[in-house]
>>> print(open('input06.txt').read())   # compact mmCIF, C-alpha atoms and all ligand atoms
# COMPACT_ATOMS: atom_id res chain seq x y z
CA MET A 1 9.86 -125.71 157.46
CA ALA A 2 6.66 -124.18 156.11
CA LYS A 3 7.04 -121.50 153.48
CA VAL A 4 4.84 -118.44 153.28
CA CYS A 5 2.57 -116.95 155.91
CA TRP A 6 0.23 -114.02 155.36
CA VAL A 7 -0.96 -112.02 158.33
CA THR A 8 -3.90 -109.73 157.63
CA GLY A 9 -3.96 -106.88 160.14
CA GLY A 10 -0.35 -107.85 160.78
CA ALA A 11 0.82 -104.38 161.84
CA GLY A 12 -1.57 -104.20 164.83
CA PHE A 13 -1.08 -105.03 168.50
CA ILE A 14 -1.27 -108.80 168.10
CA GLY A 15 0.31 -108.80 164.61
CA CYS A 16 3.48 -107.15 165.90
CA ALA A 17 3.63 -109.50 168.89
CA ILE A 18 3.57 -112.61 166.69
CA SER A 19 5.85 -111.20 163.97
CA ALA A 20 9.18 -112.48 165.33
CA GLY A 21 7.78 -115.93 166.15
CA LEU A 22 6.34 -116.29 162.66
CA ALA A 23 9.50 -114.99 160.98
CA ASP A 24 11.48 -117.66 162.88
CA HIS A 25 9.22 -120.37 161.51
CA PHE A 26 8.32 -119.30 157.95
CA HIS A 27 10.57 -118.49 154.98
CA ARG A 28 8.49 -115.42 154.25
CA VAL A 29 5.93 -113.52 156.28
CA VAL A 30 3.74 -110.87 154.65
CA ALA A 31 1.67 -108.47 156.77
CA ILE A 32 -1.30 -106.97 154.93
CA ASP A 33 -2.54 -103.95 156.85
CA ASN A 34 -4.11 -100.60 155.93
CA LEU A 35 -2.50 -98.88 158.95
CA HIS A 36 -5.91 -97.80 160.16
CA PRO A 37 -5.62 -94.26 161.61
CA GLN A 38 -7.59 -95.18 164.77
CA ILE A 39 -4.77 -97.55 165.69
CA HIS A 40 -1.76 -96.14 163.84
CA ALA A 41 -1.71 -92.43 164.66
CA GLY A 42 1.35 -91.72 162.48
CA ARG A 43 0.38 -94.29 159.79
CA ARG A 44 3.97 -95.56 159.75
CA ARG A 45 5.36 -99.08 159.90
CA PRO A 46 5.37 -99.94 163.63
CA GLY A 47 8.84 -100.35 165.18
CA ALA A 48 7.62 -103.53 166.91
CA LEU A 49 6.94 -105.27 163.58
CA ASP A 50 9.85 -107.66 163.00
CA GLN A 51 12.16 -106.40 160.25
CA ARG A 52 11.96 -109.75 158.44
CA VAL A 53 8.24 -109.20 157.80
CA ASP A 54 7.21 -107.61 154.49
CA LEU A 55 4.50 -105.03 155.09
CA VAL A 56 1.99 -104.41 152.31
CA VAL A 57 -0.18 -101.39 153.10
CA ALA A 58 -3.58 -102.41 151.75
CA ASP A 59 -7.22 -102.65 152.75
CA VAL A 60 -8.64 -106.18 152.97
CA THR A 61 -12.06 -104.99 151.76
CA GLU A 62 -10.62 -103.82 148.41
CA PRO A 63 -10.97 -106.63 145.82
CA ASP A 64 -8.13 -105.24 143.69
CA ILE A 65 -5.37 -105.81 146.26
CA TRP A 66 -5.64 -109.60 146.22
CA PRO A 67 -4.64 -110.53 142.63
CA GLU A 68 -1.53 -108.42 143.02
CA LEU A 69 -0.68 -110.14 146.30
CA LEU A 70 -1.28 -113.56 144.73
CA ARG A 71 0.80 -112.85 141.64
CA ASN A 72 3.91 -114.50 143.10
CA GLY A 73 2.06 -117.41 144.66
CA GLY A 74 -0.21 -117.68 147.64
CA PRO A 75 0.39 -118.42 151.30
CA ASP A 76 0.59 -121.80 153.00
CA VAL A 77 -0.87 -120.35 156.17
CA VAL A 78 -3.05 -117.27 156.72
CA VAL A 79 -3.32 -115.66 160.15
CA HIS A 80 -6.44 -113.55 159.80
CA LEU A 81 -6.32 -110.65 162.27
CA ALA A 82 -7.62 -107.68 160.25
CA ALA A 83 -10.74 -106.41 161.96
CA GLU A 84 -12.66 -103.52 163.38
CA THR A 85 -12.52 -104.29 167.08
CA GLY A 86 -14.55 -101.70 169.01
CA THR A 87 -17.27 -103.52 170.97
CA GLY A 88 -19.10 -100.34 172.05
CA GLN A 89 -18.25 -98.52 168.84
CA SER A 90 -19.78 -101.33 166.79
CA LEU A 91 -23.26 -100.47 168.07
CA THR A 92 -23.07 -97.05 166.41
CA GLU A 93 -20.89 -98.06 163.44
CA ALA A 94 -22.40 -101.40 162.52
CA SER A 95 -21.71 -101.27 158.79
CA ARG A 96 -18.07 -100.39 159.31
CA HIS A 97 -17.63 -103.50 161.48
CA ALA A 98 -19.63 -105.74 159.13
CA ILE A 99 -17.75 -104.59 156.04
CA VAL A 100 -14.24 -105.12 157.41
CA ASN A 101 -14.90 -108.23 159.50
CA VAL A 102 -17.21 -110.10 157.14
CA VAL A 103 -16.74 -108.66 153.64
CA GLY A 104 -12.98 -108.27 154.27
CA THR A 105 -12.93 -112.04 154.84
CA THR A 106 -15.06 -112.93 151.82
CA ARG A 107 -12.95 -110.71 149.53
CA MET A 108 -9.90 -112.71 150.54
CA LEU A 109 -11.71 -116.01 149.96
CA ASP A 110 -13.00 -114.89 146.56
CA ALA A 111 -9.45 -114.05 145.56
CA PHE A 112 -8.17 -117.48 146.65
CA ALA A 113 -11.04 -119.13 144.76
CA SER A 114 -10.39 -117.22 141.57
CA ALA A 115 -6.63 -117.90 141.75
CA GLN A 116 -7.42 -121.53 142.62
CA HIS A 117 -5.13 -121.28 145.58
CA VAL A 118 -6.00 -123.12 148.78
CA PRO A 119 -3.95 -122.21 151.84
CA ARG A 120 -3.16 -125.23 153.96
CA ARG A 121 -4.41 -123.56 157.12
CA PHE A 122 -6.19 -120.47 158.43
CA VAL A 123 -5.72 -119.26 161.97
CA LEU A 124 -8.48 -116.82 162.89
CA THR A 125 -8.37 -114.67 165.99
CA SER A 126 -11.98 -114.63 167.04
CA SER A 127 -13.27 -113.27 170.30
CA ARG A 128 -15.01 -114.18 173.51
CA ALA A 129 -17.52 -111.57 172.31
CA VAL A 130 -19.17 -114.33 170.24
CA TYR A 131 -20.52 -115.86 173.48
CA GLY A 132 -22.24 -112.74 174.78
CA GLU A 133 -23.29 -113.46 178.37
CA GLY A 134 -22.55 -117.14 177.83
CA ALA A 135 -24.01 -119.93 179.95
CA TRP A 136 -24.96 -119.61 183.64
CA LYS A 137 -26.02 -122.18 186.20
CA SER A 138 -29.12 -122.03 188.37
CA GLU A 139 -28.01 -121.98 192.02
CA ALA A 140 -31.29 -123.68 193.00
CA THR A 141 -31.48 -126.51 190.46
CA GLY A 142 -28.03 -126.72 188.84
CA GLU A 143 -29.69 -126.30 185.43
CA VAL A 144 -27.60 -124.57 182.74
CA VAL A 145 -29.39 -121.51 181.35
CA TYR A 146 -28.68 -118.76 178.84
CA PRO A 147 -29.91 -115.51 180.41
CA GLY A 148 -29.42 -113.62 177.14
CA GLN A 149 -28.59 -109.98 176.74
CA ARG A 150 -29.13 -107.53 179.59
CA SER A 151 -31.79 -105.10 178.43
CA LYS A 152 -31.38 -101.33 178.29
CA GLU A 153 -34.13 -101.05 180.91
CA GLN A 154 -32.41 -103.55 183.22
CA LEU A 155 -29.11 -101.66 183.02
CA ALA A 156 -30.81 -98.28 183.52
CA GLN A 157 -32.24 -99.68 186.78
CA ALA A 158 -28.75 -100.81 187.88
CA ARG A 159 -29.80 -104.45 187.87
CA TRP A 160 -26.39 -105.67 186.80
CA ASP A 161 -26.53 -109.34 187.66
CA PHE A 162 -28.76 -112.33 186.98
CA PRO A 163 -30.22 -113.19 190.41
CA GLY A 164 -30.04 -116.86 191.34
CA LEU A 165 -27.56 -117.64 188.56
CA ALA A 166 -23.82 -118.26 188.75
CA PRO A 167 -21.64 -117.75 185.62
CA LEU A 168 -19.95 -120.68 183.90
CA PRO A 169 -16.63 -120.43 182.07
CA MET A 170 -16.83 -120.13 178.29
CA HIS A 171 -15.91 -123.27 176.40
CA ALA A 172 -16.11 -123.59 172.62
CA ALA A 173 -17.28 -127.20 172.82
CA ALA A 174 -20.11 -126.42 175.24
CA THR A 175 -21.12 -122.76 175.28
CA ILE A 176 -23.60 -121.72 172.60
CA PRO A 177 -22.67 -118.31 171.08
CA HIS A 178 -25.14 -115.46 171.65
CA PRO A 179 -23.33 -112.19 170.76
CA THR A 180 -24.54 -109.01 172.46
CA SER A 181 -22.67 -106.56 170.23
CA ILE A 182 -22.37 -106.03 166.50
CA TYR A 183 -18.66 -106.69 166.92
CA GLY A 184 -19.40 -110.10 168.47
CA ALA A 185 -21.95 -110.90 165.77
CA THR A 186 -19.50 -110.03 162.98
CA LYS A 187 -16.76 -112.12 164.59
CA LEU A 188 -19.13 -115.11 164.78
CA THR A 189 -20.09 -114.62 161.13
CA GLN A 190 -16.41 -114.30 160.24
CA GLU A 191 -15.78 -117.67 161.92
CA GLN A 192 -18.67 -119.31 160.12
CA VAL A 193 -17.77 -117.88 156.70
CA LEU A 194 -14.14 -118.89 157.00
CA CYS A 195 -14.85 -122.39 158.34
CA ALA A 196 -17.49 -123.10 155.67
CA TRP A 197 -15.14 -122.07 152.87
CA ALA A 198 -12.06 -123.79 154.28
CA LEU A 199 -13.79 -127.10 154.96
CA SER A 200 -15.34 -127.16 151.49
CA VAL A 201 -11.94 -126.77 149.79
CA GLY A 202 -9.94 -129.06 152.07
CA SER A 203 -8.20 -126.42 154.18
CA ALA A 204 -8.07 -126.36 158.00
CA THR A 205 -9.28 -123.51 160.19
CA ASN A 206 -8.21 -122.99 163.77
CA VAL A 207 -10.43 -120.46 165.43
CA LEU A 208 -8.88 -118.97 168.55
CA ARG A 209 -11.48 -117.20 170.69
CA LEU A 210 -9.38 -114.71 172.60
CA GLN A 211 -10.38 -113.23 175.93
CA ASN A 212 -9.26 -109.67 176.88
CA VAL A 213 -5.71 -109.22 175.63
CA TYR A 214 -3.46 -106.53 177.14
CA GLY A 215 0.19 -105.62 177.28
CA PRO A 216 2.98 -103.60 175.68
CA GLY A 217 2.16 -102.48 172.15
CA GLN A 218 -1.57 -101.99 172.60
CA SER A 219 -2.63 -98.67 171.15
CA LEU A 220 -2.53 -95.90 173.77
CA THR A 221 -4.48 -93.57 171.48
CA ASN A 222 -7.43 -95.82 170.63
CA SER A 223 -10.04 -95.06 173.30
CA TYR A 224 -12.33 -97.85 172.09
CA THR A 225 -10.21 -100.82 173.13
CA GLY A 226 -7.72 -101.80 175.82
CA ILE A 227 -9.13 -101.15 179.28
CA VAL A 228 -5.90 -102.18 181.04
CA SER A 229 -3.86 -99.63 179.05
CA LEU A 230 -6.52 -96.99 179.66
CA PHE A 231 -6.55 -97.61 183.43
CA ALA A 232 -2.75 -97.57 183.55
CA ARG A 233 -2.63 -94.24 181.72
CA LEU A 234 -5.15 -92.66 184.10
CA ALA A 235 -3.34 -93.96 187.19
CA LYS A 236 0.00 -92.80 185.85
CA GLU A 237 -1.50 -89.31 185.50
CA GLY A 238 -2.53 -89.50 189.19
CA LYS A 239 -6.23 -89.72 188.37
CA SER A 240 -8.85 -91.88 190.03
CA ILE A 241 -9.90 -94.74 187.72
CA PRO A 242 -13.64 -94.72 186.95
CA VAL A 243 -15.20 -98.17 187.38
CA TYR A 244 -18.49 -99.03 185.67
CA GLU A 245 -21.57 -100.79 187.06
CA ASP A 246 -20.86 -101.96 190.63
CA GLY A 247 -17.26 -102.92 189.84
CA ASP A 248 -18.03 -106.64 189.71
CA ILE A 249 -17.87 -107.08 185.94
CA ALA A 250 -15.39 -109.94 185.49
CA ARG A 251 -12.94 -110.46 182.65
CA ASP A 252 -10.19 -112.92 181.82
CA PHE A 253 -7.20 -110.65 181.18
CA VAL A 254 -4.52 -112.44 179.20
CA PHE A 255 -1.06 -111.06 178.56
CA ILE A 256 0.03 -110.42 174.97
CA ASP A 257 3.09 -112.73 175.11
CA ASP A 258 0.83 -115.63 176.10
CA ILE A 259 -1.55 -114.85 173.24
CA ALA A 260 1.35 -114.57 170.78
CA ALA A 261 2.71 -117.95 171.88
CA ALA A 262 -0.70 -119.59 171.38
CA ILE A 263 -1.18 -118.13 167.88
CA VAL A 264 2.32 -119.05 166.72
CA ARG A 265 1.81 -122.59 168.06
CA ALA A 266 -1.43 -122.88 166.08
CA THR A 267 0.42 -122.00 162.85
CA GLU A 268 3.11 -124.60 163.52
CA LEU A 269 0.99 -127.59 164.53
CA ASP A 270 -1.12 -129.80 162.33
CA LEU A 271 -4.29 -129.37 164.35
CA PRO A 272 -7.71 -130.46 163.14
CA SER A 273 -10.20 -127.64 162.52
CA ALA A 274 -11.67 -126.55 165.84
CA ALA A 275 -12.44 -123.52 167.95
CA LEU A 276 -10.27 -123.02 171.03
CA ASP A 277 -10.58 -120.59 173.93
CA VAL A 278 -7.51 -118.56 174.80
CA GLY A 279 -7.31 -116.80 178.14
CA THR A 280 -5.85 -117.49 181.57
CA GLY A 281 -8.88 -119.32 182.93
CA GLN A 282 -8.93 -116.80 185.82
CA GLY A 283 -11.49 -114.02 186.24
CA THR A 284 -10.58 -110.59 187.62
CA THR A 285 -13.24 -108.02 188.46
CA ILE A 286 -12.83 -104.57 186.95
CA HIS A 287 -12.73 -103.12 190.46
CA ASP A 288 -9.89 -105.43 191.49
CA LEU A 289 -8.02 -104.62 188.29
CA ALA A 290 -8.47 -100.88 188.90
CA LYS A 291 -7.34 -101.21 192.54
CA ALA A 292 -4.22 -103.17 191.54
CA ILE A 293 -3.28 -100.59 188.90
CA ALA A 294 -4.01 -97.63 191.22
CA LYS A 295 -1.86 -99.21 193.92
CA PHE A 296 0.94 -99.86 191.45
CA TYR A 297 1.05 -96.17 190.49
CA GLY A 298 0.16 -94.76 193.92
CA ALA A 299 -2.97 -93.21 192.37
CA PRO A 300 -6.16 -92.39 194.35
CA ASP A 301 -8.69 -95.18 194.95
CA PRO A 302 -10.82 -96.07 191.92
CA GLU A 303 -14.34 -94.71 191.88
CA ILE A 304 -17.32 -96.96 191.21
CA ASN A 305 -19.67 -94.74 189.25
CA GLY A 306 -22.62 -96.92 188.22
CA PHE A 307 -22.20 -96.03 184.54
CA TYR A 308 -22.61 -98.80 181.99
CA ARG A 309 -22.10 -99.51 178.30
CA ASN A 310 -24.81 -101.09 176.18
CA GLY A 311 -23.67 -104.44 174.85
CA ASP A 312 -21.16 -105.08 177.66
CA VAL A 313 -21.41 -108.51 179.23
CA ARG A 314 -21.28 -109.12 182.95
CA HIS A 315 -18.88 -111.99 183.13
CA ALA A 316 -16.31 -113.54 180.77
CA VAL A 317 -13.79 -116.19 181.74
CA ALA A 318 -12.48 -118.98 179.52
CA ASP A 319 -12.20 -122.67 180.19
CA ILE A 320 -8.77 -123.27 178.63
CA SER A 321 -8.38 -126.99 179.40
CA ARG A 322 -8.90 -128.12 175.78
CA THR A 323 -6.64 -125.36 174.46
CA GLN A 324 -3.81 -126.28 176.80
CA GLN A 325 -4.00 -129.86 175.61
CA ALA A 326 -4.36 -129.07 171.89
CA LEU A 327 -1.59 -126.47 171.72
CA GLY A 328 0.73 -127.82 174.41
CA TRP A 329 0.53 -124.30 175.78
CA SER A 330 -0.19 -122.60 179.07
CA PRO A 331 -0.37 -118.93 180.04
CA GLN A 332 2.74 -117.75 181.88
CA TYR A 333 1.67 -114.35 183.19
CA ASP A 334 -0.71 -113.48 186.00
CA ILE A 335 -2.29 -110.06 186.14
CA ALA A 336 0.33 -108.57 188.53
CA GLN A 337 3.24 -109.66 186.32
CA GLY A 338 1.44 -108.47 183.21
CA VAL A 339 0.59 -105.04 184.64
CA ALA A 340 4.22 -104.58 185.74
CA ARG A 341 5.43 -105.33 182.20
CA LEU A 342 2.79 -103.05 180.69
CA SER A 343 3.61 -100.16 182.99
CA ARG A 344 7.33 -100.32 182.15
CA TRP A 345 6.39 -100.11 178.48
CA ILE A 346 3.99 -97.20 179.05
CA ASP A 347 6.73 -95.35 180.99
CA GLY A 348 8.98 -95.75 177.96
CA GLU A 349 6.28 -94.56 175.55
CA LEU A 350 4.93 -91.62 177.54
CA GLY A 351 7.97 -90.74 179.63
N1 LIG B 401 -6.92 -107.34 171.58
C1 LIG B 401 -7.90 -108.08 172.10
O1 LIG B 401 -8.22 -108.01 173.30
C2 LIG B 401 -8.64 -109.07 171.23
C3 LIG B 401 -9.55 -109.92 171.85
C4 LIG B 401 -10.26 -110.81 171.06
C5 LIG B 401 -10.04 -110.88 169.70
N2 LIG B 401 -9.15 -110.04 169.13
C6 LIG B 401 -8.99 -110.12 167.66
O2 LIG B 401 -7.62 -110.13 167.32
C7 LIG B 401 -7.41 -109.46 166.08
C8 LIG B 401 -6.32 -108.43 166.19
O3 LIG B 401 -6.64 -107.55 167.25
P1 LIG B 401 -5.61 -106.46 167.77
O4 LIG B 401 -5.86 -106.33 169.23
O5 LIG B 401 -4.25 -106.72 167.26
O6 LIG B 401 -6.23 -105.17 167.08
P2 LIG B 401 -5.49 -103.93 166.38
O7 LIG B 401 -6.57 -102.94 166.13
O8 LIG B 401 -4.29 -103.51 167.14
O9 LIG B 401 -4.99 -104.56 165.02
C9 LIG B 401 -5.84 -104.74 163.92
C10 LIG B 401 -5.03 -104.38 162.71
O10 LIG B 401 -5.88 -104.53 161.58
C11 LIG B 401 -5.67 -103.44 160.72
N3 LIG B 401 -6.88 -103.23 159.93
C12 LIG B 401 -8.08 -102.74 160.34
N4 LIG B 401 -8.92 -102.67 159.31
C13 LIG B 401 -8.24 -103.14 158.22
C14 LIG B 401 -8.56 -103.28 156.84
N5 LIG B 401 -9.77 -102.92 156.37
N6 LIG B 401 -7.62 -103.77 156.00
C15 LIG B 401 -6.39 -104.11 156.46
N7 LIG B 401 -6.03 -103.98 157.76
C16 LIG B 401 -6.94 -103.50 158.61
C17 LIG B 401 -5.36 -102.26 161.61
O11 LIG B 401 -4.63 -101.25 160.94
C18 LIG B 401 -4.55 -102.94 162.72
O12 LIG B 401 -3.17 -102.86 162.45
C19 LIG B 401 -8.77 -108.92 165.65
O13 LIG B 401 -9.32 -109.81 164.72
C20 LIG B 401 -9.59 -108.93 166.93
O14 LIG B 401 -10.96 -109.14 166.63
C21 LIG B 401 -8.44 -109.13 169.84
>>> encode(input="input06.txt", output="structure tokens")
Amino acid sequence: MAKVCWVTGGAGFIGCAISAGLADHFHRVVAIDNLHPQIHAGRRRPGALDQRVDLVVADVTEPDIWPELLRNGGPDVVVHLAAETGTGQSLTEASRHAIVNVVGTTRMLDAFASAQHVPRRFVLTSSRAVYGEGAWKSEATGEVVYPGQRSKEQLAQARWDFPGLAPLPMHAAATIPHPTSIYGATKLTQEQVLCAWALSVGSATNVLRLQNVYGPGQSLTNSYTGIVSLFARLAKEGKSIPVYEDGDIARDFVFIDDIAAAIVRATELDLPSAALDVGTGQGTTIHDLAKAIAKFYGAPDPEINGFYRNGDVRHAVADISRTQQALGWSPQYDIAQGVARLSRWIDGELG
């Protein structure tokens, strides 16, 4: 049995979901989290964080926290979750995202270097945001093309799609990253920084590029993330869900328990360093998601409003074949099962 696991950002949505699985596997699990007020309204230890986990309230960007944490020995495995995660927000708060996601990572690495401690493995939760619009295929010639970022002008003219092109699933071994948000760019840099350091000191890094995660425990007060929770809240209040663009934006919505299982597996296995895509492999349009949630709550039909967000991509679905093989893992929840679980949790939280 492995010994010590550190989880930066371990009190967040995903951190809480993996806490019991990690505590079953490791002698000691330490969550390092600053209880960011945008996520933790009361700034208290979350009830969903397994009691066996030690929570250290600290900011990963502060150099002084690390020597103290390393005083009693370092971790065997680090699950690096701490991040600023607002895709839209990152375009107006670029430095905030860069400092936490990039400098927060380098501070940790500097501390390991100066303590001469090399964790055996890092598991980094990266994001499908690193791909941006990803790769598309010409319907006429079959050629694979990268259409790049949709321009402000294109979106203002409601030209949502790339005519003549069909989207391809995102695959770490094939799709070249082209982030369209500061968030995506900082997550790609975070991957590169961590992999470069880890490889040079003989540690392994498993980068998990997560698609859109949803489920019980996702912040209901953070308006910058969690579209499924947001839609469910609106429908529960009897409101019509607003749907952006023409409703045909597609996402790969993956349930939190499936994500937790994949991350815990990555900490347990002796995998070679590689990036893996974690999703369901199935795309759902935002309109279909909104209709399913509205139906579930008996809310009015969703309203397609033609609004858009700069930096949003049109289509994101993972190819999970390599991940399934590497982790011996498969997603268990489809969107209907996941929404039912989420809504029961929201009923409990909001009454
Ligand atoms: N939820 C998703 O859909 C999704 C998708 C792709 C990738 N990810 C990645 O997964 C990771 C975790 O995401 P989440 O959904 O649990 O987000 P979350 O916001 O719920 O959790 C992040 C945690 O990090 C903490 N944190 C933020 N800044 C910190 C700092 N400076 N020092 C210490 N702790 C800090 C927060 O307090 C929070 O508890 C992130 O790295 C994110 O980029 C999430």
>>> residues_around(input="input06.txt", residues="range 190-201 of chain A", least_positions_apart="5", cutoff="8 Å", atoms="all atoms listed in the file", output="ChimeraX atom specification")
/A:101-102,105-106,109,118,122,124,126,207
>>> closest_residue(input="input06.txt", among="A:Leu342, A:Ala318, A:Val103, A:Ala261", to="Ala17 in chain A", atoms="only C-alpha atoms")
A:Ala261
>>> residues_near_point(input="input06.txt", point="(-11.6, -120.2, 175.0)", cutoff="8 Å", atoms="all atoms listed in the file", output="VMD selection string")
chain A and resid 128 170 to 172 208 to 211 275 to 279 318 to 320 323
>>> residues_around(input="input06.txt", residues="Ala316 in chain A", least_positions_apart="3", cutoff="12 Å", atoms="all atoms listed in the file", output="JSON, numbers by chain")
{"A": [127, 128, 129, 130, 131, 132, 133, 134, 135, 136, 166, 167, 168, 169, 170, 171, 175, 209, 210, 211, 212, 248, 249, 250, 251, 252, 253, 254, 277, 278, 279, 280, 281, 282, 283, 284, 285, 286, 312, 313, 319]}
>>> closest_residue(input="input06.txt", among="A:Leu91, A:Gly306, A:Tyr333, A:Gly74", to="Ala185 in chain A", atoms="all atoms listed in the file")
A:Leu91
>>> residues_near_point(input="input06.txt", point="(1.3, -96.8, 185.1)", cutoff="6 Å", atoms="only C-alpha atoms", output="JSON, numbers by chain")
{"A": [232, 233, 235, 236, 297, 343]}
>>> closest_residue(input="input06.txt", among="A:Val79, A:Val339, A:Leu230, A:Val53", to="Val264 in chain A", atoms="all atoms listed in the file")
A:Val79
>>> closest_residue(input="input06.txt", among="A:Gly348, A:Gly247, A:Pro37, A:Gly142", to="ligand LIG 401 (chain B)", atoms="all atoms listed in the file")
A:Pro37
>>> closest_atom_pairs(input="input06.txt", of="chain A", to="ligand LIG 401 (chain B)", cutoff="7 Å", atoms="only C-alpha atoms and all ligand atoms", output="tab-separated table")
residue	atom	partner	partner_atom	distance
A:Thr8	CA	B:LIG401	N7	6.1
A:Gly9	CA	B:LIG401	O10	3.4
A:Gly10	CA	B:LIG401	O12	6.0
A:Ala11	CA	B:LIG401	O12	4.3
A:Gly12	CA	B:LIG401	O12	3.2
A:Phe13	CA	B:LIG401	O5	3.8
A:Ile14	CA	B:LIG401	O5	3.7
A:Gly15	CA	B:LIG401	O5	5.7
A:Ile32	CA	B:LIG401	C15	6.0
A:Asp33	CA	B:LIG401	N7	3.6
A:Asn34	CA	B:LIG401	C15	4.2
A:Leu35	CA	B:LIG401	O11	3.8
A:His36	CA	B:LIG401	O11	3.8
A:Ile39	CA	B:LIG401	O7	5.7
A:His40	CA	B:LIG401	O11	6.5
A:Ala58	CA	B:LIG401	C15	5.7
A:Asp59	CA	B:LIG401	N6	3.5
A:Val60	CA	B:LIG401	N6	4.0
A:Thr61	CA	B:LIG401	N5	5.5
A:His80	CA	B:LIG401	O13	6.8
A:Leu81	CA	B:LIG401	O13	4.0
A:Ala82	CA	B:LIG401	O10	3.8
A:Ala83	CA	B:LIG401	O13	4.6
A:Glu84	CA	B:LIG401	C12	5.6
A:Thr85	CA	B:LIG401	O14	5.1
A:Val100	CA	B:LIG401	N5	5.1
A:Gly104	CA	B:LIG401	N5	6.6
A:Thr125	CA	B:LIG401	O2	4.8
A:Ser126	CA	B:LIG401	C5	5.0
A:Ser127	CA	B:LIG401	C4	4.0
A:Arg128	CA	B:LIG401	C4	6.3
A:Lys187	CA	B:LIG401	O14	6.8
A:Arg209	CA	B:LIG401	C4	6.5
A:Leu210	CA	B:LIG401	C4	4.3
A:Gln211	CA	B:LIG401	C3	5.3
A:Asn212	CA	B:LIG401	O1	4.1
A:Val213	CA	B:LIG401	O1	3.6
A:Tyr214	CA	B:LIG401	O1	6.3
A:Gln218	CA	B:LIG401	O8	6.3
A:Ser219	CA	B:LIG401	O8	6.5
A:Gly226	CA	B:LIG401	O1	6.7
>>> atom_distance(input="input06.txt", atom1="CA of Ser229 in chain A", atom2="CA of Lys291 in chain A")
14.0 Å
>>> atom_distance(input="input06.txt", atom1="CA of Pro177 in chain A", atom2="CA of Gln149 in chain A")
11.7 Å
>>> closest_residue(input="input06.txt", among="A:Gly338, A:Pro272, A:Gly88, A:Pro242", to="Asn310 in chain A", atoms="all atoms listed in the file")
A:Gly88
>>> residues_around(input="input06.txt", residues="Asp258 in chain A", least_positions_apart="6", cutoff="8 Å", atoms="only C-alpha atoms", output="number ranges by chain")
A: 330-333
>>> closest_residue(input="input06.txt", among="A:Ile241, A:Ile65, A:Ile256, A:Ala326", to="Arg107 in chain A", atoms="all atoms listed in the file")
A:Ile65
>>> atom_distance(input="input06.txt", atom1="CA of Asp288 in chain A", atom2="CA of Ile227 in chain A")
13.0 Å
>>> residues_around(input="input06.txt", residues="Thr87 in chain A", least_positions_apart="2", cutoff="8 Å", atoms="all atoms listed in the file", output="compact mmCIF listing (two decimals) with C-alpha atoms, keeping the file's coordinate frame")
# COMPACT_ATOMS: atom_id res chain seq x y z
CA THR A 85 -12.52 -104.29 167.08
CA GLN A 89 -18.25 -98.52 168.84
CA SER A 90 -19.78 -101.33 166.79
CA LEU A 91 -23.26 -100.47 168.07
CA SER A 181 -22.67 -106.56 170.23
CA ILE A 182 -22.37 -106.03 166.50
CA TYR A 183 -18.66 -106.69 166.92
CA GLY A 184 -19.40 -110.10 168.47
CA TYR A 224 -12.33 -97.85 172.09
CA THR A 225 -10.21 -100.82 173.13
CA GLY A 311 -23.67 -104.44 174.85
CA ASP A 312 -21.16 -105.08 177.66
>>> residues_around(input="input06.txt", residues="Ile304 in chain A", least_positions_apart="3", cutoff="8 Å", atoms="only C-alpha atoms", output="ChimeraX atom specification")
/A:242-247,287
